[in-house]
Structures are given as C-alpha cells and as structure tokens.
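Enquirer: After the structure tokens below, expect a handful of questions from me.
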Amino acid sequence: MSAQLDQVTAQTANDPDAQETKEWLEALEAVLEKEGPARAHYLMERLVDLARRRGAQIPFSANTAYVNTIPAHLEAHCPGNLEYEERLRSWMRWNAMAMVVKANRADGDLGGHLSSFASLANMLGIGFNHFWKAPTEEHGGDLLYIQGHSSPGVYARAFLEGRLTEEQLVNFRREVDGKGLSSYPHPKLMPDFWQFPTVSMGLGPLMAIYQARFLKYLHARSIAKTDGRKVWAFCGDGEMDEPESMGAIGMAAREKLDNLVIVVNCNLQRLDGPVRGNGKIIQELEADFRGAGWNVVKVIWGPGWDNLLAQDKEGILQRVMMETVDGEYQNYKAKDGAYVRKHFFGKHPKLLEMVANMSDDDIWRLTRGGHDPHKIYAAFKIAQEHKGQPTVLLVKTIKGFGMGKSGEARNTAHQTKKLDDEAIREMRDRFNIPIPDDKLAEIPFFKPSDDAPEIKYLHERRKALGGYLPQRRVKADEQLTVPGLDAFKAVLEPTAEGREISTTQSFVRIITALLRDPSLGQRLVPILVDESRTFGMEGLFRQIGIFNQQGQLYEPVDKDQVMYYREDKAGQILQEGINEAGGMSSWIAAATSYSTNNRVMIPFYTFYSMFGMQRIGDLAWAAGDMRARGFLMGGTAGRTTLNGEGLQHEDGHSHIMAATIPNCVPYDPTFGHELAVIVQDGLRRMVGEQEDVFYYITLMNENYAHPGLKAGQEEGILKGMYLLQEGDKDAKQRVQLIGSGTILRESIFAAELLKNDWNIAADIWSAPSLTLVAREGQDADRWNMVNPTKEQRVPYVTGLLQNTSGPIVATTDYMRTFAEQIRAFMPKGRTYKVLGTDGFGRSDSRAKLREFFEVNRYYVTVAALKALADEGKIDASVVEKAVAKYGINPNKPNPVTQ
C-alpha cells in the first residue's frame, strides 16, 4: 500500500474509540436530516467554543472539504435552452480560436491568448445569458471586469450578436488603421465597448472592490439608485498572487459589499506552470477570503462526480481529493482516462471498486465544475442573491479546455496562439463546427444566418436583460453648470500685506467655494488617505462628514473640538486610511462615474506627491485607459519642500511620471491665482465639455505672499508659461529666469541679487506646466516635419522667448529632466541652462536642502552669470567672484552622487 493510502487510512486506524465516533457522527447526521445545516453548524460551534473555554487547543481552519459548496440536491438548475447555449459557446470557441490563429499566421509576432477563454467560456455564457443586466432607465446596469486574456471570446460573442464585423475580427490586434480590436479590454481604444481595463493583472479585482463601494456611496448620498446593481470581476488564480488582487478584500468584507462578486477562474495554471503545484490554490484562496469575512462558494466538480461522492460513505474519495495536489490534477487532464484510473482512483482499492464499471472514456468525462452550466448557474444565483457579504466564486476549470494536445491543461497553454491543421481539425470535430474539410486551411469564421434559432435565442436573452454587454457610455446625459473664475475670488486677489499662505491653503479655499456651489457642490468627492491634517483639510470632517455605511457608532475623542472627526451614513469624504492604492481606486470609480452611472462626479484625491504617482503609477495609467476625469492633487510636492522628512518622503520626479500619460494634464503652480485658473479650466473641460482628460496638480505647504491674478495672465497659465515679472528695460545685460512651484520664488530672489549685486536685469517667467509647454512644442515640431512646404509653426515657448535677450535659466524642484523637456524649443543661438534636484532626498530645512541640491537663489544667480560668461557678455572672473561672495564651495560633491 502506498504512503498516500497509509495517510487515507490513518484517521480510522488511530481512532481509540471507533464506536463513540460512530455515535457522534450518527447524531450529527440526524440533526442535518431533521433540523438542517444551520442547526448542525450552531451545535458544532457551541461544542468547539466549550472545548476552547475548557482549555482545549483546537486549531482553527477556514477551509471546508475539497468539494462543491452547494450540494447537488440544492442546486438551482439553469432554465435556459442548454442545447442552444452549448452550440453558441462552441461557435464562440471556434471564432475566438480562428481570430487568434489567423492573426498569428499572418504576422507571427501579434500574440493573443486562447486558453483563458477556453477555460471560462461556460461562466461567461451563463452570465451573459442569465444574469448580467445592461443599463436601462430602471436599472443602471451591472459592471463587468472581464478577465483580460479572455477578450477573444468576448469579441467572438459580439460577432455572433452582430455588434462586431468579420473585418474587425480579421484585424484582431491590428488597431493602427482603425479597423481592429484591442488585445485586451481597453476603453481608450474601444470607448463604446469595454467598460474597464483589467490588464495589468491585479488591478481588476482591486478596482472592482472600490467600484462596488462607490455604488453604495452614490446610493447613500441619493445621487443615483444603485441598490439593484452588481459588480462582477473575473480573474485568474495565478493573478491572485498579485498583491493588488488580495489587498482590499478586508475592506470589502468590512463594508459589507454584497453588490460585489469576484469569480476566480481556477484552472490551476499560471503563464509558465502550475499556480500551486505542491498545494491547492482553491483551498488557499478559500481560507484567505473566508477568513476575511467573505461568502465563499467553491465549484470544483462536475455532475459526473455527484454519484461517486454520494457513494463515498467512508469519506475515502473526499480524503483523496483533498490530498491530491494541483500538480497532479493538472497532469490528469493532460493525459487520459486510463491514467486517471491508475493514478487517482488507484490511490485506494475502494476507489478502484467504485469506478470498476466505468470505462476509461467515462472516467475522462468526469469533468470539473467550471464546465457544467448547472453548477455555474447555481453558484451565480447564490452570488446574485446573497446579502450582507461580498461573494467569491472559486471555480475549477481546465486551462485550454477543448484545445486537445495543443494546449489542454499543459504548461504551454497560455502562450499557445498557433495551431497546426490537425489541431484545428480536432477542435472542429470536438465542438461540431459545420465547416467542411476543404475549408479548414482557411480557418473561416462561423456565423449562422440571423434567423437561426440559436441566434434568435442569443438576442432574446440579451433583450430580457436590457441590452448588450459589454457596452460603455461615452458621455453622461446630464449637464452641470461650471462656475466662472470669479467664484474663486478668495485666491485670485493678492494676499494682504504681511499675510502668507501656501498653495495647499489656496486649494482648501477653492474646495470650500466649490462645496457651496449649487450645481457642483454635491458632486464633489474629496478623497483622502489619512493626511487631512497635513493638508489643512480637517475642517471638512465636520462640514461634510466622512462616508461610513454604519454612521458613527462611537463618540469621537475630539468631539469638543470644532473640527472633530465625524463619520456619517451620507458623508461626502472618502477617507481611505493609509492606502494610496485604495484612494486611487476610489478616485477612478468617481472619475469614471459619468460612464458607469450616468452621473458626473468631481473627485479630488489629495495625497503626498511622493506617495502618489510613484506608488500608483499602474493605476494612473489604467485611469488614462478608462478615460477618467478628475483631479489628482499631489501635496507637499518637490524635493526640497517637505523639510525634515527625509529620503523616502521627498518628491522630485512625480511630474516626470505624470508626463508619460498622454491624457494627464499636469501643473506645478506657485501661486493661488494660478491654481484657481487651472482648477476652473479643468472643470470647464471635464465637466462642462466632458473631455476625457484628468489633471495632476502639485501643491506646496510653504507659506509666502501671493501677488494675485493680473489681467491677461489666464491664457499663459493654462498653456504652461507666462511672463510674471519684467526686469529693468534699460539694463545693459539681461537674463531670462524660468521657474515653477516654490522654486520659482528662488528665481525671483535671484533676480534681485542679479540687479543689486551685478547690475543685470532678469525677466521672471512662471511655468505652471513645463510638460504642456513641451507637448505643444513637440506637436508643432511634428507638424512642421510632415508639412515641410507649408508655413512652419512656431512653438509657443519659442514665441514667448524669441524677442527677449540673454541666456535662459530654468530651475525647478524636480529632476533636471523636467525642465530639459523644452530645450529643443529654445530660440536659436540662445544658451539654456537647467537646474534641478536630481538625487535622493534627505532631511533638513528648506534652505539647507535648496543649497544641497543647488537650486537656491545663489545657484540660480551663479548659473545666470556663467551663462552670460559663456556667451562672452561678461568676464568669467565675475562668476568666480559670485561663487566666493555667496559662499558656494566649488569642491562640494555633486548631490546626485550623495
């Protein structure tokens, strides 16, 4: 007898009182039969509780047996026409295969995936045919996060529905000419089709959780009726290793998100091999989710196993099921029935007896639960109806189901995108596709006539559910009125004499004004990640409250304070704790609400800039893909602004990251009036015109006087650069100083030094967005290249500077790359010097940090003098004198190396 058989019989053999055990089990059976599982569960919990209170060390397990959660006799059977649905699924499998194989026979580098859809075709079919509602006047529609690698199957379904053409299928992964289909779900590229991007992997389940919570938020605040809607997220079992996939499951349970269903396609394989070859991924995930407070439903075995499990009176089959590791299960489905008989049922003589009357083909047809429509329907129905908890469905499938030797349950399944003629023939025969042998080499798509009963059935099912999915709303139906710039009068005027404020304080004043606006006030969504007091926003706690579905069940410790911590069932603030990924996911849900809910929302997510783009860069890119609209506010921005905090708190690169996202509009304003102009224009574009852009705006917590808005500056602020202050017109020598953020003020001080110490005039240019200046210049440069005989365009920044004189010095609180973006657009023959804060941050005062990174007023002055010397306009000895005068150590190490 094998070691596995020894393990199977060990529990029985080591029982010191088998008769007593039998009596206890019979008593439990009687309770189950007469009073039901709820009573049995209660009694068992009382017994365990008593034992623990008496000192028994009973280990805890969140796992149940390795069988289906729903017993066969309690399954709800699928009411649909299963013959039609099976044929439709078969045609979709074929067309999905044809799409990918055609693409890769024409161009072997295009890629594509067959095996993921092959494993979850039944699940998608049951969902589309029986559960997922499209948006209607009565129902806002269910939200689907489709497993990214299964996109060919979704296209194949839309093709049968008549929503996609054969030409589009032929052009799968060929998008440049505008006729193709995107590789994965990309709303940016297919704006009326895909709802959400789910690749990069891990982002789908994370965003789905916060999407479900946002639906509760909208309902609680009476903005939209969302109580009948569900969020469904599909992901692979290998994908659950991504930290983002599991990172928010505790929040979902705590918030009782019973409008959320996550379906994990447990085909046991990652891209390279088994997910848990030596373990059991379904059991592992069950413990994780059940321990977090989720409703867990396992769909492991198909109907052929029901009779065998019913015969398993001694529990031998269940024990072998539990002890068999995933690597073995994968091997079984890659072999045949004889192999399964020998290596699975052969683990115990009684199991061999159990299947003695079954042929090898019968054993082979013992499939997994994810390929049976009744098992899937029963699980989906429970998930649809369950209250009080989010639900996760752990559904066991076969990767590459139906692909035969080319990929079924094999380690190569994920990468399989080319099939030979024999594999295509096998698939044709397995799924009864009516294509003759002489046409197989062409791999034709199959679509029956519109009056075929299966196609009529397909349309009838979607009509009953409100329409077709996936579909995406491009613009909201409602139109909100955006206030004019004068609504922000409090920050447009100069600060009072002797009064100093930060741009963070200016932002709070802008938010306060917007909250009072009759059109937009209720649509603001302030999102914070435990830094409200850092940004001076704690006053909003009492004013508009923090959203909590339970309200506030305690008296806050600071209740006697004016700005106490107030939670409310209809609170407006989303306070995400120390959780940038969660904050960004909430922001995405609000920033795409115009599409998902037909409600325009205006999210302001405020965070430490260092912990923004750097930590949530992948989510920010996903936001661009989703055509998000809203404001990301990076507080205490810049490498030298957040004094005292040190290396990992100081941001010198977030604007460089923001510049990589084409529909992100980034600004680094210095003054409150600039911030007001930017926010008002953002509202105009995103709310008034419903333009698909989002803003990244950096804020500083440094206090100083603000000059106020002067007539005519608005256009330059929005374009990214304008003349803030003009130097002495009669000076013999002149320089141009460009700056942004708090470092602009160092340029202003440098202008005074140049004038007072060296009799040199300086024009001061505020550059709220060097990135926008660079983009405009690049656009003009491109136009000139492809239109060489037409009148050549002059980049905006070139036009600003070409009639000025003297070298140009740009200084920012970011890496030099930030200001280097505009070098190509400097007027010909002009010197352009860049100062920046390359290197690691560190802790010290602002003054010392700016000295260390060589961006303070003295370095700006020396840089300007050196540029003049390089142009031969002053003697180099003047620069040497300035270095000595300002105490600059010429032997100081480069801060980049420190």
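Within each chain, counting starts at residue 1; across the structure tokens, chains are named A, B, ... in the order shown, with ligands numbered 1 upward in that order.
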Could you give me, as a PyMOL selection string, the residues within 7 Å of region 516-520 of chain A, counting only C-alpha atoms and dropping anything in the same chain fewer than 3 positions from it?
Expert: chain A and resi 480-481+512-513+523-524
Enquirer: Those residues you just picked out, can you put them in a file as an mmCIF file, in the first residue's frame with N, CA, C and O atoms?
Expert:
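File out19.cif, as written:
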```cif
data_model
loop_
_atom_site.group_PDB
_atom_site.id
_atom_site.type_symbol
_atom_site.label_atom_id
_atom_site.label_comp_id
_atom_site.auth_asym_id
_atom_site.auth_seq_id
_atom_site.Cartn_x
_atom_site.Cartn_y
_atom_site.Cartn_z
ATOM 1 N N LEU A 480 -23.975 69.718 -16.095
ATOM 2 C CA LEU A 480 -23.826 70.548 -14.899
ATOM 3 C C LEU A 480 -23.223 71.895 -15.276
ATOM 4 O O LEU A 480 -22.427 71.999 -16.207
ATOM 5 N N THR A 481 -23.609 72.923 -14.541
ATOM 6 C CA THR A 481 -23.118 74.277 -14.801
ATOM 7 C C THR A 481 -21.820 74.509 -14.037
ATOM 8 O O THR A 481 -21.762 74.305 -12.818
ATOM 9 N N THR A 512 -13.638 74.687 -0.647
ATOM 10 C CA THR A 512 -14.729 75.257 0.147
ATOM 11 C C THR A 512 -15.708 76.013 -0.742
ATOM 12 O O THR A 512 -16.928 75.890 -0.593
ATOM 13 N N ALA A 513 -15.164 76.780 -1.695
ATOM 14 C CA ALA A 513 -16.028 77.517 -2.620
ATOM 15 C C ALA A 513 -16.842 76.565 -3.488
ATOM 16 O O ALA A 513 -18.037 76.784 -3.739
ATOM 17 N N ARG A 523 -21.594 67.126 -6.031
ATOM 18 C CA ARG A 523 -20.898 66.179 -6.900
ATOM 19 C C ARG A 523 -19.399 66.090 -6.599
ATOM 20 O O ARG A 523 -18.707 65.266 -7.196
ATOM 21 N N LEU A 524 -18.920 66.922 -5.700
ATOM 22 C CA LEU A 524 -17.516 66.821 -5.299
ATOM 23 C C LEU A 524 -17.295 65.552 -4.482
ATOM 24 O O LEU A 524 -18.114 65.198 -3.627
#
```
Enquirer: List as a Markdown table every residue of region 19-102 of chain A that is in contact with region 303-315 of chain A, defined as an atom at most 10 Å from one of its atoms (using only C-alpha atoms), together with the nearest atom pair and the distance in Å rounded to one decimal, sorted by chain and then rising number.
Expert:
```
| residue | atom | partner | partner_atom | distance |
| --- | --- | --- | --- | --- |
| A:Val67 | CA | A:Leu309 | CA | 8.9 |
| A:Asn68 | CA | A:Asp306 | CA | 9.6 |
| A:Pro71 | CA | A:Asp306 | CA | 8.7 |
| A:Ala72 | CA | A:Asp306 | CA | 6.8 |
| A:His73 | CA | A:Asp306 | CA | 9.6 |
```
Enquirer: Write out as a PyMOL selection string the residues lying within 7 Å of region 149-154 of chain A, counting only C-alpha atoms and excluding same-chain residues fewer than 6 positions away.
Expert: chain A and resi 92-93+96+113+116-117+184-185
Enquirer: Only N, CA, C and O atoms, please: the residues just picked out, written as a short mmCIF file (atom, residue, chain, number, x, y, z; two decimals), in the first residue's frame.
Expert:
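Saved the output as result.cif:
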```cif
data_model
loop_
_atom_site.label_atom_id
_atom_site.label_comp_id
_atom_site.auth_asym_id
_atom_site.auth_seq_id
_atom_site.Cartn_x
_atom_site.Cartn_y
_atom_site.Cartn_z
N MET A 92 -18.53 30.27 -30.46
CA MET A 92 -17.66 31.31 -29.91
C MET A 92 -16.24 30.78 -29.71
O MET A 92 -15.26 31.49 -29.99
N ARG A 93 -16.11 29.57 -29.20
CA ARG A 93 -14.77 28.98 -29.03
C ARG A 93 -14.06 28.92 -30.38
O ARG A 93 -12.87 29.26 -30.48
N ALA A 96 -13.16 32.49 -31.63
CA ALA A 96 -12.05 33.04 -30.84
C ALA A 96 -10.74 32.43 -31.28
O ALA A 96 -9.72 33.13 -31.43
N HIS A 113 -4.30 35.11 -26.94
CA HIS A 113 -4.47 34.04 -25.96
C HIS A 113 -5.74 33.27 -26.27
O HIS A 113 -6.79 33.85 -26.51
N SER A 116 -7.39 31.02 -21.91
CA SER A 116 -8.17 31.59 -20.81
C SER A 116 -9.66 31.56 -21.12
O SER A 116 -10.47 31.12 -20.30
N PHE A 117 -10.04 32.03 -22.32
CA PHE A 117 -11.46 31.97 -22.67
C PHE A 117 -11.94 30.52 -22.75
O PHE A 117 -13.06 30.21 -22.35
N TYR A 184 -6.57 43.54 -25.29
CA TYR A 184 -7.22 43.33 -24.01
C TYR A 184 -8.34 44.37 -23.85
O TYR A 184 -8.50 45.24 -24.71
N PRO A 185 -9.09 44.32 -22.78
CA PRO A 185 -10.13 45.34 -22.58
C PRO A 185 -9.53 46.74 -22.41
O PRO A 185 -8.92 47.05 -21.38
#
```
Enquirer: Quick one: residues within 10 Å of Arg173 (chain A), only C-alpha atoms, excluding same-chain residues fewer than 2 positions away - as a list in words?
Expert: Met99, Val100, Ala103, Asn104, Leu110, Gly111, Gly112, Gln168, Leu169, Val170, Asn171, Glu175, Val176, Lys179, Gly180, Leu181, Ser182, Ser183 and Tyr184 of chain A
Enquirer: In region 426-659 of chain A, what's strand (DSSP E or B) per DSSP? Answer as a VMD selection string?
Expert: chain A and resid 501 524 to 528 546 to 547 567 to 568 573 to 575 602 to 608 631 to 635
Enquirer: Pull C-alpha atoms from the residues just selected and write them as a compact mmCIF listing (two decimals), in the first residue's frame.
Expert:
```txt
# COMPACT_ATOMS: atom_id res chain seq x y z
CA ILE A 501 -0.32 81.30 2.73
CA LEU A 524 -17.52 66.82 -5.30
CA VAL A 525 -15.82 63.69 -3.95
CA PRO A 526 -12.94 64.62 -1.62
CA ILE A 527 -10.71 61.55 -1.26
CA LEU A 528 -8.04 61.43 1.42
CA ILE A 546 -16.78 61.07 6.22
CA PHE A 547 -18.75 58.36 4.41
CA GLU A 567 -18.41 59.81 10.18
CA ASP A 568 -21.84 59.78 8.58
CA ILE A 573 -15.48 62.45 2.10
CA LEU A 574 -13.93 59.10 1.23
CA GLN A 575 -11.27 58.52 3.88
CA ILE A 602 -15.76 65.52 -9.49
CA PRO A 603 -13.16 63.64 -7.44
CA PHE A 604 -10.26 65.42 -5.77
CA TYR A 605 -7.79 62.84 -4.47
CA THR A 606 -5.20 64.57 -2.29
CA PHE A 607 -2.02 62.75 -1.30
CA TYR A 608 1.66 63.19 -0.61
CA PHE A 631 -8.19 65.99 -10.11
CA LEU A 632 -5.16 64.32 -8.54
CA MET A 633 -3.63 66.72 -6.01
CA GLY A 634 -0.02 65.99 -5.09
CA GLY A 635 0.62 67.71 -1.78
```
Enquirer: What are the DSSP alpha helix (DSSP H) residues of region 206-239 of chain A, as a CSV table (one decimal) with C-alpha atoms, in the first residue's frame?
Expert:
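What ended up in part_33.csv:
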```csv
chain,number,residue,atom,x,y,z
A,206,LEU,CA,-8.8,45.9,-6.7
A,207,MET,CA,-10.7,48.5,-8.8
A,208,ALA,CA,-13.9,46.3,-8.7
A,209,ILE,CA,-13.9,46.4,-4.9
A,210,TYR,CA,-13.8,50.2,-4.7
A,211,GLN,CA,-16.2,50.4,-7.6
A,212,ALA,CA,-18.7,48.4,-5.5
A,213,ARG,CA,-18.2,50.6,-2.5
A,214,PHE,CA,-18.6,53.7,-4.7
A,215,LEU,CA,-22.0,52.4,-5.8
A,216,LYS,CA,-23.0,52.2,-2.1
A,217,TYR,CA,-21.7,55.8,-1.7
A,218,LEU,CA,-23.8,57.1,-4.5
A,219,HIS,CA,-26.9,55.4,-3.2
A,220,ALA,CA,-26.4,56.6,0.4
```
Enquirer: Between A:Val677, A:Ala76, A:Ala762, A:Ala121, which residue has the minimum interatomic distance to Arg157 (chain A), considering only C-alpha atoms?
Expert: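 So, comparing all the options, the nearest one is A:Ala121.
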Enquirer: Taking only C-alpha atoms into account, name the residue in A:Phe840, A:Phe852, A:Trp758, A:Trp364 that is nearest to Val878 (chain A).
Expert: A:Trp758
Enquirer: Return as a tab-separated table the residues of region 232-335 of chain A lying at most 10 Å from region 385-398 of chain A, together with the closest atom-to-atom pair for each and the distance in Å to one decimal, counting only C-alpha atoms, with rows in chain order and ascending residue number.
Expert:
```
residue	atom	partner	partner_atom	distance
A:Trp232	CA	A:Val392	CA	9.8
A:Ala233	CA	A:Val392	CA	9.4
A:Phe234	CA	A:Leu393	CA	9.5
A:Gly236	CA	A:Val395	CA	9.9
A:Asp237	CA	A:Leu394	CA	8.7
A:Ile249	CA	A:Pro390	CA	9.0
A:Ala252	CA	A:Pro390	CA	6.6
A:Ala253	CA	A:Gln389	CA	6.0
A:Arg254	CA	A:Gln389	CA	8.6
A:Glu255	CA	A:Gln389	CA	8.4
A:Lys256	CA	A:Gln389	CA	4.8
A:Leu257	CA	A:Pro390	CA	5.0
A:Asp258	CA	A:Pro390	CA	4.4
A:Asn259	CA	A:Pro390	CA	6.7
A:Leu260	CA	A:Pro390	CA	5.2
A:Val261	CA	A:Thr391	CA	4.9
A:Ile262	CA	A:Val392	CA	4.7
A:Val263	CA	A:Leu393	CA	4.7
A:Val264	CA	A:Leu394	CA	5.1
A:Asn265	CA	A:Val395	CA	5.4
A:Cys266	CA	A:Lys396	CA	4.6
A:Asn267	CA	A:Thr397	CA	4.5
A:Leu268	CA	A:Ile398	CA	7.7
A:Gln269	CA	A:Ile398	CA	8.8
A:Ile281	CA	A:Leu394	CA	9.4
A:Ile282	CA	A:Leu394	CA	6.4
A:Gln283	CA	A:Leu394	CA	9.1
A:Leu285	CA	A:Leu394	CA	7.9
A:Glu286	CA	A:Leu394	CA	7.7
A:Phe289	CA	A:Val392	CA	7.5
A:Arg290	CA	A:Val392	CA	9.1
A:Gly293	CA	A:Gln389	CA	7.3
A:Trp294	CA	A:Pro390	CA	5.5
A:Asn295	CA	A:Thr391	CA	4.6
A:Val296	CA	A:Val392	CA	5.2
A:Val297	CA	A:Leu393	CA	4.9
A:Lys298	CA	A:Leu394	CA	4.8
A:Val299	CA	A:Val395	CA	4.7
A:Ile300	CA	A:Lys396	CA	4.9
A:Trp301	CA	A:Lys396	CA	7.5
A:Gly302	CA	A:Lys396	CA	9.4
A:Tyr329	CA	A:Ile398	CA	9.6
A:Gln330	CA	A:Ile398	CA	8.0
A:Lys333	CA	A:Ile398	CA	7.4
A:Ala334	CA	A:Ile398	CA	9.4
```
Enquirer: Applying 10 Å and only C-alpha atoms, which residues near Glu328 (chain A) remain after dropping the ones on its own chain fewer than 4 positions away? List them as a PyMOL selection string.
Expert: chain A and resi 274+277-279+324+332-334+340+343-344
Enquirer: Would you mind exporting the chosen residues as an mmCIF file, in the first residue's frame, restricted to all heavy atoms?
Expert:
```cif
data_model
loop_
_atom_site.group_PDB
_atom_site.id
_atom_site.type_symbol
_atom_site.label_atom_id
_atom_site.label_comp_id
_atom_site.auth_asym_id
_atom_site.auth_seq_id
_atom_site.Cartn_x
_atom_site.Cartn_y
_atom_site.Cartn_z
ATOM 1 N N PRO A 274 2.238 25.457 -13.055
ATOM 2 C CA PRO A 274 1.142 25.408 -12.074
ATOM 3 C C PRO A 274 1.178 26.574 -11.104
ATOM 4 O O PRO A 274 2.241 27.087 -10.749
ATOM 5 C CB PRO A 274 1.367 24.073 -11.360
ATOM 6 C CG PRO A 274 2.780 23.712 -11.626
ATOM 7 C CD PRO A 274 3.169 24.324 -12.923
ATOM 8 N N GLY A 277 1.748 23.939 -7.615
ATOM 9 C CA GLY A 277 1.951 22.548 -7.970
ATOM 10 C C GLY A 277 1.934 21.619 -6.776
ATOM 11 O O GLY A 277 1.385 20.522 -6.822
ATOM 12 N N ASN A 278 2.484 22.075 -5.655
ATOM 13 C CA ASN A 278 2.581 21.242 -4.454
ATOM 14 C C ASN A 278 1.456 21.500 -3.463
ATOM 15 O O ASN A 278 1.469 20.948 -2.362
ATOM 16 C CB ASN A 278 3.924 21.476 -3.748
ATOM 17 C CG ASN A 278 5.095 20.997 -4.588
ATOM 18 O OD1 ASN A 278 4.984 20.011 -5.300
ATOM 19 N ND2 ASN A 278 6.207 21.717 -4.524
ATOM 20 N N GLY A 279 0.524 22.336 -3.830
ATOM 21 C CA GLY A 279 -0.550 22.682 -2.904
ATOM 22 C C GLY A 279 -1.899 22.694 -3.590
ATOM 23 O O GLY A 279 -2.114 22.031 -4.604
ATOM 24 N N THR A 324 -4.702 15.107 -2.969
ATOM 25 C CA THR A 324 -4.113 15.231 -4.300
ATOM 26 C C THR A 324 -3.770 16.702 -4.559
ATOM 27 O O THR A 324 -4.609 17.584 -4.389
ATOM 28 C CB THR A 324 -5.099 14.736 -5.363
ATOM 29 O OG1 THR A 324 -5.409 13.361 -5.100
ATOM 30 C CG2 THR A 324 -4.500 14.839 -6.755
ATOM 31 N N TYR A 332 -3.516 14.936 -14.655
ATOM 32 C CA TYR A 332 -4.638 14.073 -15.027
ATOM 33 C C TYR A 332 -5.314 14.570 -16.303
ATOM 34 O O TYR A 332 -5.653 13.801 -17.198
ATOM 35 C CB TYR A 332 -5.679 14.006 -13.906
ATOM 36 C CG TYR A 332 -5.170 13.434 -12.599
ATOM 37 C CD1 TYR A 332 -5.717 13.839 -11.380
ATOM 38 C CD2 TYR A 332 -4.149 12.490 -12.556
ATOM 39 C CE1 TYR A 332 -5.278 13.327 -10.177
ATOM 40 C CE2 TYR A 332 -3.692 11.966 -11.356
ATOM 41 C CZ TYR A 332 -4.259 12.389 -10.171
ATOM 42 O OH TYR A 332 -3.813 11.881 -8.978
ATOM 43 N N LYS A 333 -5.570 15.901 -16.363
ATOM 44 C CA LYS A 333 -6.323 16.426 -17.505
ATOM 45 C C LYS A 333 -5.461 16.558 -18.754
ATOM 46 O O LYS A 333 -5.972 16.806 -19.847
ATOM 47 C CB LYS A 333 -6.948 17.778 -17.159
ATOM 48 C CG LYS A 333 -7.944 17.742 -16.011
ATOM 49 C CD LYS A 333 -8.931 16.604 -16.094
ATOM 50 C CE LYS A 333 -9.878 16.675 -17.254
ATOM 51 N NZ LYS A 333 -10.896 15.593 -17.249
ATOM 52 N N ALA A 334 -4.156 16.394 -18.614
ATOM 53 C CA ALA A 334 -3.277 16.413 -19.787
ATOM 54 C C ALA A 334 -3.084 15.012 -20.358
ATOM 55 O O ALA A 334 -2.468 14.864 -21.414
ATOM 56 C CB ALA A 334 -1.926 17.018 -19.417
ATOM 57 N N VAL A 340 -5.972 8.488 -15.335
ATOM 58 C CA VAL A 340 -6.710 8.937 -14.154
ATOM 59 C C VAL A 340 -7.112 7.742 -13.299
ATOM 60 O O VAL A 340 -7.018 7.763 -12.062
ATOM 61 C CB VAL A 340 -7.951 9.765 -14.571
ATOM 62 C CG1 VAL A 340 -8.757 10.160 -13.335
ATOM 63 C CG2 VAL A 340 -7.533 11.009 -15.343
ATOM 64 N N HIS A 343 -3.784 6.506 -11.535
ATOM 65 C CA HIS A 343 -3.034 7.400 -10.638
ATOM 66 C C HIS A 343 -3.911 8.151 -9.650
ATOM 67 O O HIS A 343 -3.409 8.611 -8.617
ATOM 68 C CB HIS A 343 -2.210 8.388 -11.464
ATOM 69 C CG HIS A 343 -1.110 7.739 -12.233
ATOM 70 N ND1 HIS A 343 0.109 7.443 -11.688
ATOM 71 C CD2 HIS A 343 -1.080 7.294 -13.521
ATOM 72 C CE1 HIS A 343 0.875 6.872 -12.600
ATOM 73 N NE2 HIS A 343 0.182 6.758 -13.727
ATOM 74 N N PHE A 344 -5.213 8.311 -9.931
ATOM 75 C CA PHE A 344 -6.091 8.954 -8.959
ATOM 76 C C PHE A 344 -6.907 7.905 -8.198
ATOM 77 O O PHE A 344 -6.766 7.743 -6.986
ATOM 78 C CB PHE A 344 -7.026 9.956 -9.640
ATOM 79 C CG PHE A 344 -7.974 10.632 -8.687
ATOM 80 C CD1 PHE A 344 -7.544 11.642 -7.852
ATOM 81 C CD2 PHE A 344 -9.304 10.237 -8.613
ATOM 82 C CE1 PHE A 344 -8.419 12.259 -6.950
ATOM 83 C CE2 PHE A 344 -10.184 10.837 -7.731
ATOM 84 C CZ PHE A 344 -9.738 11.851 -6.893
#
```
Enquirer: Show me, as a list in words, the residues that have an atom within 12 Å of Gly887 (chain A) when counting only C-alpha atoms, minus same-chain residues fewer than 6 positions from it.
Expert: Glu851, Tyr858, Tyr859, Val862, Glu880 and Lys881 of chain A
Enquirer: Could you please take those selected residues and save C-alpha atoms as an mmCIF file, in the first residue's frame?
Expert:
```cif
data_model
loop_
_atom_site.group_PDB
_atom_site.id
_atom_site.type_symbol
_atom_site.label_atom_id
_atom_site.label_comp_id
_atom_site.auth_asym_id
_atom_site.auth_seq_id
_atom_site.Cartn_x
_atom_site.Cartn_y
_atom_site.Cartn_z
ATOM 1 C CA GLU A 851 21.612 74.726 -1.002
ATOM 2 C CA TYR A 858 22.577 81.871 -5.129
ATOM 3 C CA TYR A 859 22.988 78.954 -7.514
ATOM 4 C CA VAL A 862 25.699 81.938 -10.469
ATOM 5 C CA GLU A 880 34.259 83.412 -9.686
ATOM 6 C CA LYS A 881 33.564 86.479 -7.534
#
```
Enquirer: Interatomic distance between CA of Asn856 (chain A) and CA of Lys828 (chain A)?
Expert: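 Between CA of Asn856 (chain A) and CA of Lys828 (chain A) the gap works out to 27.7 Å.
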Enquirer: Quick one: everything within 12 Å of Lys342 (chain A), counting only C-alpha atoms, minus sequence neighbours fewer than 2 positions away in the same chain. Send it as a PyMOL selection string.
Expert: chain A and resi 332+335-340+344-349+351-352+355-356+360+363
Enquirer: Which residue is closest to Ala867 (chain A)? Choose from A:Lys729, A:Arg87, A:Arg734, A:Arg542 and count only C-alpha atoms.
Expert: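 So, comparing all the options, the nearest one is A:Arg734.
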Enquirer: With distances taken over only C-alpha atoms, which of A:Lys102, A:Glu161, A:Ser585, A:Ala676 is nearest to Ala248 (chain A)?
Expert: A:Ser585
Enquirer: What separation in Å, quoted to one decimal, exists between CA of Glu497 (chain A) and CA of Ala751 (chain A)?
Expert: 21.7 Å
Enquirer: What does the structure give for the distance between CA of Glu478 (chain A) and CA of Trp132 (chain A), in Å to one decimal?
Expert: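 About the pair CA of Glu478 (chain A) and CA of Trp132 (chain A): they are 24.9 Å apart.
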